[in-house]
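Enquirer: Pasting in a structure now, in structure tokens, and then I'll have a few things to ask.
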Amino acid sequence: MTVNGTNISFQPLSATSVRVQGNTEDIIPSYFKDELLSLEFPTGKKISIGETIKIKKIPYKINIIDSIIIDDELFYDLKVASPTKSSLFILPMLGGNRTLLFYDSLLVNTFIETNEDEDCIALLYRKSTKKVFKEFCELLLETKSFKRTYEPTKYHVIFIFNIPYKQKFNYKIFKKGQYSKFKDEYKLKILDFHRWDIDGPMGQILFKSSERKKQLEERLDAILPEGSELYSIMNKKEETFNENYYF
């Protein structure tokens with residue numbers, strides 16, 4: 001999609017993100033307390049937080065606007081949402097990998113609750129007419145831990161699963177924010193699922209790296225108590241599926 005009369009265009013990046021590119025220096029951003037709230041284009045068109053836009057006939061509700069510089073070029077990313085902590089720590093419980101679960105293309109987010117389901121794993125997807133996605137959906141219905149599915153909009157589908165029996169301990173640990181207490185086998189599963197290096201940021205969180213602890217103390221200008229986790233505990237509201245936020 002291109003803004004009429006300009007060299008500014010919109011490029012979908014994923015199920016949750018659209019990138020504004022081109023002559024972005026002509027865009028006027030509006031901020032409030034360092035939060036980017038809207039973009040005004042040379043044509044007078046304005047995109048604001050909370051607005052729903054359509055790109056190639058696909059709706060995106062914009063809840064986050066980020067500015068990003070790549071190779072000295074300014075871009076703006078319009079986002080439905082950031083990945084939940086459930087997407088990072090809980091999704092691997094279902095098995096498979098990012099490619100199999102369409103993590104980088106059609107998965108919108110992962111949750112541990114819905115309005116009707118407690119202690120679950122809920123996957124929100126942007127629907128696709130491609131045969132491979134239809135086959136994938138049929139596969140999910142046959143999964144042992146599958147609970148139910150429904151379509152919150154004509155563009156989306158959500159699949160809800162019970163917690164796999166072997167993962168109930170790790171699930172409870174996640175809700176307490178005690179990531180370093182995951183079973184070692186599951187820690188490695190998380191790293192493998194997301195293709196993360198054990199020496200990278202997430203590996204340092206899961207295995208409590210002294211290097212990361214030092215970095216956090218410098219950033220916070222405080223001494224962390226011994227035994228402290230090195231990543232913030234999940235926010236239950238953010239990890240609960242809310243239709244009003246996403247659509």
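Following the order of the structure tokens, first chain is A, next is B, and so on, with residues numbered from 1 inside each chain and ligands from 1 in the order they appear.
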Quick one: pick out all strand (DSSP E or B) residues within range 53-237 of chain A from a backbone DSSP run and write them as a PyMOL selection string.

Expert: chain A and resi 53-55+58-61+64-70+73-79+107-111+113+121-126+146-153+156-161

Enquirer: Please run DSSP on the backbone and report, as a list in words, all residues within range 23-159 of chain A that come out as alpha helix (DSSP H).

Expert: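 The residues of range 23-159 of chain A classed as alpha helix (DSSP H) are Lys85, Ser86, Ser87, Leu88, Phe89, Lys131, Val132, Phe133, Lys134, Glu135, Phe136, Cys137, Glu138, Leu139, Leu140 and Leu141 of chain A.
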
Enquirer: Residues within 10 Å of Tyr76 in chain A, please, as a tab-separated table (two decimals) with N, CA and C atoms, in the first residue's frame. Count only C-alpha atoms; anything in the same chain fewer than 6 positions from it doesn't count.

Expert:
chain	number	residue	atom	x	y	z
A	10	PHE	N	3.52	1.08	2.83
A	10	PHE	CA	3.30	0.21	3.98
A	10	PHE	C	3.62	-1.22	3.58
A	18	VAL	N	3.31	-3.87	10.62
A	18	VAL	CA	3.40	-3.25	9.29
A	18	VAL	C	4.48	-2.18	9.35
A	19	ARG	N	5.36	-2.16	8.36
A	19	ARG	CA	6.44	-1.17	8.34
A	19	ARG	C	6.13	-0.03	7.38
A	20	VAL	N	6.28	1.21	7.87
A	20	VAL	CA	6.14	2.40	7.04
A	20	VAL	C	7.53	2.76	6.53
A	21	GLN	N	7.69	2.84	5.21
A	21	GLN	CA	9.01	3.07	4.63
A	21	GLN	C	8.94	4.06	3.48
A	24	THR	N	10.16	8.75	4.85
A	24	THR	CA	9.58	8.87	6.19
A	24	THR	C	9.97	10.16	6.90
A	27	ILE	N	7.16	12.55	7.40
A	27	ILE	CA	6.10	12.21	8.36
A	27	ILE	C	6.34	12.98	9.66
A	29	PRO	N	5.78	12.89	13.54
A	29	PRO	CA	5.36	12.04	14.67
A	29	PRO	C	4.90	12.90	15.85
A	39	LEU	N	1.17	9.35	13.70
A	39	LEU	CA	1.99	9.77	12.57
A	39	LEU	C	1.11	10.57	11.62
A	65	ILE	N	3.31	2.09	18.14
A	65	ILE	CA	4.05	2.68	17.01
A	65	ILE	C	5.49	2.85	17.45
A	66	ASP	N	6.41	2.23	16.74
A	66	ASP	CA	7.83	2.32	17.06
A	66	ASP	C	8.59	2.97	15.91
A	67	SER	N	9.56	3.78	16.23
A	67	SER	CA	10.48	4.30	15.21
A	67	SER	C	11.74	3.46	15.27
A	68	ILE	N	12.30	3.18	14.10
A	68	ILE	CA	13.49	2.33	14.04
A	68	ILE	C	14.40	2.83	12.93
A	69	ILE	N	15.70	2.83	13.19
A	69	ILE	CA	16.67	3.27	12.19
A	69	ILE	C	17.52	2.07	11.77

Enquirer: With the cut-off set at 12 Å and counting only C-alpha atoms, tabulate each residue of range 15-98 of chain A with an atom at most that distance from an atom of range 129-148 of chain A, showing the nearest atom pair and its distance in Å to one decimal, ordered by chain and increasing number, as a tab-separated table.

Expert:
residue	atom	partner	partner_atom	distance
A:Met93	CA	A:Ser145	CA	10.5
A:Leu94	CA	A:Ser145	CA	8.4
A:Gly95	CA	A:Thr143	CA	10.4
A:Gly96	CA	A:Leu140	CA	11.3

Enquirer: Write to file, as a PDB file, in the first residue's frame, the residues of the selection just made, with N, CA and C atoms.

Expert:
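Resulting contents of selection.pdb:
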ATOM      1  N   MET A  93       5.829 -25.534  24.936  1.00  0.00           N
ATOM      2  CA  MET A  93       5.225 -26.688  25.598  1.00  0.00           C
ATOM      3  C   MET A  93       4.414 -27.547  24.634  1.00  0.00           C
ATOM      4  N   LEU A  94       3.936 -26.933  23.542  1.00  0.00           N
ATOM      5  CA  LEU A  94       3.096 -27.661  22.591  1.00  0.00           C
ATOM      6  C   LEU A  94       3.922 -28.457  21.589  1.00  0.00           C
ATOM      7  N   GLY A  95       5.249 -28.310  21.634  1.00  0.00           N
ATOM      8  CA  GLY A  95       6.107 -29.046  20.708  1.00  0.00           C
ATOM      9  C   GLY A  95       6.270 -28.313  19.392  1.00  0.00           C
ATOM     10  N   GLY A  96       6.930 -28.963  18.451  1.00  0.00           N
ATOM     11  CA  GLY A  96       7.161 -28.335  17.152  1.00  0.00           C
ATOM     12  C   GLY A  96       8.236 -27.270  17.218  1.00  0.00           C
TER      13      GLY A  96
END

Enquirer: Would you mind listing, for every residue of range 52-133 of chain A within 10 Å of range 185-199 of chain A, the two atoms forming the shortest contact and the distance between them in Å to one decimal, using only C-alpha atoms, sorted by chain and ascending residue number, as JSON lines?

Expert:
{"residue": "A:Ser87", "atom": "CA", "partner": "A:His194", "partner_atom": "CA", "distance": 9.9}
{"residue": "A:Leu88", "atom": "CA", "partner": "A:Ile190", "partner_atom": "CA", "distance": 7.6}
{"residue": "A:Phe89", "atom": "CA", "partner": "A:Ile190", "partner_atom": "CA", "distance": 6.5}
{"residue": "A:Ile90", "atom": "CA", "partner": "A:Ile190", "partner_atom": "CA", "distance": 8.5}
{"residue": "A:Leu91", "atom": "CA", "partner": "A:Ile190", "partner_atom": "CA", "distance": 8.6}
{"residue": "A:Pro92", "atom": "CA", "partner": "A:Ile190", "partner_atom": "CA", "distance": 6.0}
{"residue": "A:Met93", "atom": "CA", "partner": "A:Tyr186", "partner_atom": "CA", "distance": 8.3}
{"residue": "A:Gly95", "atom": "CA", "partner": "A:Phe193", "partner_atom": "CA", "distance": 8.3}
{"residue": "A:Gly96", "atom": "CA", "partner": "A:Phe193", "partner_atom": "CA", "distance": 7.5}
{"residue": "A:Asn97", "atom": "CA", "partner": "A:Phe193", "partner_atom": "CA", "distance": 5.1}
{"residue": "A:Arg98", "atom": "CA", "partner": "A:Phe193", "partner_atom": "CA", "distance": 6.4}
{"residue": "A:Thr99", "atom": "CA", "partner": "A:Phe193", "partner_atom": "CA", "distance": 9.4}
{"residue": "A:Tyr103", "atom": "CA", "partner": "A:His194", "partner_atom": "CA", "distance": 9.5}

Enquirer: Would you export the selected residues with C-alpha atoms as a PDB file, in the first residue's frame, please?

Expert:
ATOM      1  CA  SER A  87       4.894 -16.682  23.374  1.00  0.00           C
ATOM      2  CA  LEU A  88       8.472 -16.881  24.630  1.00  0.00           C
ATOM      3  CA  PHE A  89       8.194 -19.333  27.524  1.00  0.00           C
ATOM      4  CA  ILE A  90       4.890 -21.242  27.180  1.00  0.00           C
ATOM      5  CA  LEU A  91       4.422 -21.885  23.460  1.00  0.00           C
ATOM      6  CA  PRO A  92       7.276 -24.457  23.278  1.00  0.00           C
ATOM      7  CA  MET A  93       5.225 -26.688  25.598  1.00  0.00           C
ATOM      8  CA  GLY A  95       6.107 -29.046  20.708  1.00  0.00           C
ATOM      9  CA  GLY A  96       7.161 -28.335  17.152  1.00  0.00           C
ATOM     10  CA  ASN A  97       9.155 -25.261  16.198  1.00  0.00           C
ATOM     11  CA  ARG A  98       8.650 -21.686  15.065  1.00  0.00           C
ATOM     12  CA  THR A  99       8.292 -22.686  11.410  1.00  0.00           C
ATOM     13  CA  TYR A 103       5.426 -18.074  14.590  1.00  0.00           C
TER      14      TYR A 103
END

Enquirer: If you count only C-alpha atoms, which residues fall within 9 Å of Ile121 in chain A, apart from same-chain ones fewer than 6 positions away, as a ChimeraX atom specification?

Expert: /A:86,90-91,93-94,110-113,159-163

Enquirer: So that I have them on file, write out the residues from the current selection with C-alpha atoms, as a compact mmCIF listing (two decimals), in the first residue's frame.

Expert:
# COMPACT_ATOMS: atom_id res chain seq x y z
CA SER A 86 3.67 -16.75 26.99
CA ILE A 90 4.89 -21.24 27.18
CA LEU A 91 4.42 -21.89 23.46
CA MET A 93 5.23 -26.69 25.60
CA LEU A 94 3.10 -27.66 22.59
CA THR A 110 0.04 -16.70 22.82
CA PHE A 111 -1.91 -16.44 26.08
CA ILE A 112 -2.43 -18.36 29.33
CA GLU A 113 -6.06 -17.27 29.79
CA PHE A 159 -7.01 -22.47 19.38
CA ILE A 160 -7.13 -23.31 23.07
CA PHE A 161 -5.23 -26.18 24.67
CA ASN A 162 -5.05 -27.77 28.09
CA ILE A 163 -1.64 -27.79 29.76

Enquirer: For range 205-209 of chain A, work out the shell of residues within 8 Å, counting only C-alpha atoms and skipping chain neighbours fewer than 3 positions away, then give it as a VMD selection string.

Expert: chain A and resid 179 to 182 187 201 to 202 212 to 213 229 to 231

Enquirer: Could you check which of A:Leu124, A:Ile28, A:Ile70, A:Ile47 is closest to Tyr155 in chain A, using only C-alpha atoms?

Expert: A:Leu124

Enquirer: Could you jot down the CA of Phe247 in chain A to CA of Ala81 in chain A separation for me, Å, one decimal place?

Expert: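 Interatomic distance here is 10.9 Å.
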
Enquirer: What gap, in Å, lies between CA of Gln215 in chain A and CA of Ile233 in chain A?

Expert: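 If I compute the distance from CA of Gln215 in chain A to CA of Ile233 in chain A, I get 18.1 Å.
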